[in-house]
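Data first, discussion second: the structure below is written as structure tokens.
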Amino acid sequence: MNSSYDSDDTRPGVILVGVDLGLPHFDAELDELAQLADTAGYRVLDKVVCKRRAPDPALFVGSGKADEIKALAAGHGAAEVLFDQALSPAQQRNLERYLERPVNDRILLILEIFAQRARSHEGKLQVELARLQYLSTRLVRRWSHLERQSGGIGMRGGPGETQIELDRRMIGDAIKRTRERLDKVKRQRNTQRRQRERRGAYNISLVGYTNAGKSSLFNALVKARAYAADQLFATLDTTTRQMYLGEVGRSVSLSDTVGFIRDLPHTLVDAFAATLQEARDADLLLHVVDASNPAHPEQVRNVMAVLHDIGAADIPQILVFNKLDAMPPAQQPVQRVDTVELEGQEVSRIFLSAHTGEGLDALRQLLAQRLQHPFDAAAVDAEGPLADSAQ
């Protein structure tokens, strides 16, 4: 038990559970799950971590660990138990019966946050589609009146079986309607994109792990007022503004997109296809990285995995190592602009702070040079004045 938790906090209390299955990205401290829980409006009461070679088919953690979690949840008066890994519908149902309280996983937690944060019509449609897709696999768990009832003599099923088919059809129809509405939004976006292309616009999209500072950088570059906060998924809706680069005497189109995260549910990747289209159709990606986070190499790999999923991995990138001001002095880079290897390709990298403004002028100059040499990153980084000015 951790006595540092605020007893005056009235938010629903939860127990966090993580299972180490030997994967390299396992978060032994469950820090990210705790951030997700806090963002979704929960109060973390305690954490449980265990190791297994493989998930238990019935309870994911096995009966012994389930007994421990049950006693801990009862002792704390926890309202819910949250797992860091995705649970199957059967595991979720079995755990709820065993622990005698609601059990949810990382996927539903992310969906809850998205549902709370979506503001635009498009964002709400995308979240609704992901939620419907998730619930469609969990009909047997979510509504007790859908459980199959035994019929009389000669009957193969009862009214419960009819009800579950009706609900499945209703969700299927709702998914179809939501997809159609999103397709309409996507066509509108394509029309706007073609108009930008006819004007010869150069499109830049900000991508990166959630809470890397994309929206703060966006605001600093275009003097916008997009919502930015030190929390996961602070912004979900794509915002596009024009940014003037005096060095080349022209404007470029800059878009802030939804942040990525480890194990981003495929339902969300699919549902947010319209928003992520901005990244896929960009001429250049500013891949924003939290330089102060020790886990940033793993976060970069996770972002690249999502970019592969949406077909945007081959778009030219500049790695923007943000939060320079939060890095310990001993870890501050001597050279603020250089090149590094990313998946076998040499890409530009720049260290800056969107919070203090340090390095923003160097980034603008780097972007201007990229417009002059759109297909030759090496030539951009070989130009002496930029590198010298960024020292």
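Each chain in the structure tokens gets a letter, A, B and so on, in the order shown; residues start at 1 in every chain, and ligands are counted from 1 in the order they appear.
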task = Name all residues at most 10 Å from stretch 295-298 of chain A (count only C-alpha atoms; drop same-chain ones fewer than 3 positions away) and give them as JSON, numbers by chain.
result = {"A": [24, 25, 27, 209, 212, 262, 289, 290, 291, 292, 301, 302, 303, 304, 321]}
Keeping only C-alpha atoms, take the residues you just selected and write them out as an mmCIF file, in the first residue's frame.
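Wrote part.cif, looks like this:
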```cif
data_model
loop_
_atom_site.group_PDB
_atom_site.id
_atom_site.type_symbol
_atom_site.label_atom_id
_atom_site.label_comp_id
_atom_site.auth_asym_id
_atom_site.auth_seq_id
_atom_site.Cartn_x
_atom_site.Cartn_y
_atom_site.Cartn_z
ATOM 1 C CA PRO A 24 11.235 -5.521 -24.210
ATOM 2 C CA HIS A 25 8.849 -2.581 -23.767
ATOM 3 C CA ASP A 27 6.707 -0.813 -18.147
ATOM 4 C CA TYR A 209 4.415 10.094 -29.057
ATOM 5 C CA ALA A 212 6.029 14.922 -26.564
ATOM 6 C CA ARG A 262 2.540 2.142 -27.272
ATOM 7 C CA VAL A 289 10.400 13.475 -29.450
ATOM 8 C CA ASP A 290 10.474 14.166 -25.704
ATOM 9 C CA ALA A 291 14.243 14.422 -25.298
ATOM 10 C CA SER A 292 13.929 14.505 -21.503
ATOM 11 C CA ARG A 301 10.059 2.962 -32.389
ATOM 12 C CA ASN A 302 6.390 2.986 -31.437
ATOM 13 C CA VAL A 303 5.701 6.075 -33.542
ATOM 14 C CA MET A 304 7.471 4.479 -36.503
ATOM 15 C CA PHE A 321 14.029 16.550 -29.940
#
```
message = Report as a ChimeraX atom specification all protein, DNA and RNA residues lying within 8 Å of A:Ser251, evaluated on only C-alpha atoms, omitting residues in the same chain fewer than 5 positions from it.
response = /A:201-202,242-245
Expected file contents, prior selection, C-alpha atoms, as a JSON list (two decimals), in the first residue's frame:
```json
[["chain", "number", "residue", "atom", "x", "y", "z"],
["A", 201, "ALA", "CA", 1.20, 24.27, -50.80],
["A", 202, "TYR", "CA", 3.98, 22.43, -49.01],
["A", 242, "GLN", "CA", -0.21, 28.54, -42.47],
["A", 243, "MET", "CA", 3.38, 29.23, -41.41],
["A", 244, "TYR", "CA", 5.41, 31.89, -43.19],
["A", 245, "LEU", "CA", 9.11, 31.21, -43.74]]
```
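Here atom CA of A:Phe83 and atom CA of A:Val19 stand 8.3 Å from one another.
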key: Backbone DSSP call of strand (DSSP E or B) for stretch 38-167 of chain A, listed as a ChimeraX atom specification   = /A:43-51,56,60,80-83,103-105
query = Could you name the residues that touch A:Asp67 at 10 Å or less, counting only C-alpha atoms, but leaving out those on the same chain fewer than 5 positions away, as a count of residues only?
reply = 6
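Our summary of the geometry notes that atom CA of A:Asp31 is positioned 29.7 Å from atom CA of A:Ser136.
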When you look at stretch 353-365 of chain A with a cut-off of 10 Å (counting only C-alpha atoms), what residues show up, excluding the ones that are within fewer than 4 positions of it in the same chain? I need them as a PDB file with C-alpha atoms, in the first residue's frame.
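The resulting part_31.pdb:
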```
ATOM      1  CA  GLY A 213       5.035  18.587 -26.942  1.00  0.00           C
ATOM      2  CA  LYS A 214       3.600  18.641 -30.484  1.00  0.00           C
ATOM      3  CA  SER A 215       0.849  21.147 -29.709  1.00  0.00           C
ATOM      4  CA  SER A 216       3.254  23.403 -27.800  1.00  0.00           C
ATOM      5  CA  LEU A 217       5.606  23.375 -30.781  1.00  0.00           C
ATOM      6  CA  PHE A 218       2.682  24.003 -33.147  1.00  0.00           C
ATOM      7  CA  ASN A 219       1.579  27.010 -31.089  1.00  0.00           C
ATOM      8  CA  ALA A 220       5.137  28.358 -30.948  1.00  0.00           C
ATOM      9  CA  LEU A 221       5.647  28.071 -34.708  1.00  0.00           C
ATOM     10  CA  MET A 243       3.378  29.230 -41.406  1.00  0.00           C
ATOM     11  CA  TYR A 244       5.407  31.893 -43.193  1.00  0.00           C
ATOM     12  CA  LEU A 245       9.110  31.214 -43.739  1.00  0.00           C
ATOM     13  CA  GLY A 246      10.834  34.522 -44.431  1.00  0.00           C
ATOM     14  CA  GLU A 247      14.045  32.799 -45.541  1.00  0.00           C
ATOM     15  CA  VAL A 248      12.324  31.549 -48.705  1.00  0.00           C
ATOM     16  CA  ASP A 290      10.474  14.166 -25.704  1.00  0.00           C
ATOM     17  CA  ALA A 291      14.243  14.422 -25.298  1.00  0.00           C
ATOM     18  CA  ILE A 318      13.021  15.714 -39.311  1.00  0.00           C
ATOM     19  CA  VAL A 320      12.647  17.302 -33.409  1.00  0.00           C
ATOM     20  CA  PHE A 321      14.029  16.550 -29.940  1.00  0.00           C
ATOM     21  CA  ASN A 322      11.830  18.803 -27.814  1.00  0.00           C
ATOM     22  CA  LYS A 323      11.995  19.758 -24.109  1.00  0.00           C
ATOM     23  CA  LEU A 324      15.672  20.672 -24.252  1.00  0.00           C
ATOM     24  CA  ASP A 325      15.078  22.848 -21.186  1.00  0.00           C
ATOM     25  CA  ALA A 326      14.032  19.770 -19.180  1.00  0.00           C
ATOM     26  CA  ARG A 336      22.067  21.098 -31.614  1.00  0.00           C
ATOM     27  CA  VAL A 337      21.604  20.142 -35.283  1.00  0.00           C
ATOM     28  CA  ARG A 349      17.757  15.968 -36.008  1.00  0.00           C
ATOM     29  CA  GLN A 369      16.575  24.808 -46.483  1.00  0.00           C
ATOM     30  CA  ARG A 370      14.444  21.676 -46.822  1.00  0.00           C
ATOM     31  CA  LEU A 371      12.124  23.575 -49.180  1.00  0.00           C
ATOM     32  CA  VAL A 380      20.628  20.465 -45.976  1.00  0.00           C
ATOM     33  CA  PRO A 385      25.711  28.333 -41.433  1.00  0.00           C
ATOM     34  CA  LEU A 386      22.815  26.388 -39.951  1.00  0.00           C
ATOM     35  CA  ALA A 387      24.994  23.995 -37.995  1.00  0.00           C
ATOM     36  CA  SER A 389      24.279  28.987 -35.697  1.00  0.00           C
ATOM     37  CA  ALA A 390      22.773  26.138 -33.718  1.00  0.00           C
ATOM     38  CA  GLN A 391      25.832  25.385 -31.649  1.00  0.00           C
TER      39      GLN A 391
END
```
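One finds atom CA of A:Ile204 at 7.2 Å from atom CA of A:Val252.
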message = Let me make sure I understand: among A:Leu30, A:Leu111, A:Arg181, A:Pro294, which one has the smallest atom-to-atom distance to A:Pro328 if we use only C-alpha atoms?
response =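 So, comparing all the options, the nearest one is A:Pro294.
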ask   = Smallest atom-to-atom distance to A:Asn211: which of A:Thr137, A:Gln317, A:Gln299, A:Thr191, using only C-alpha atoms?
value = A:Gln299
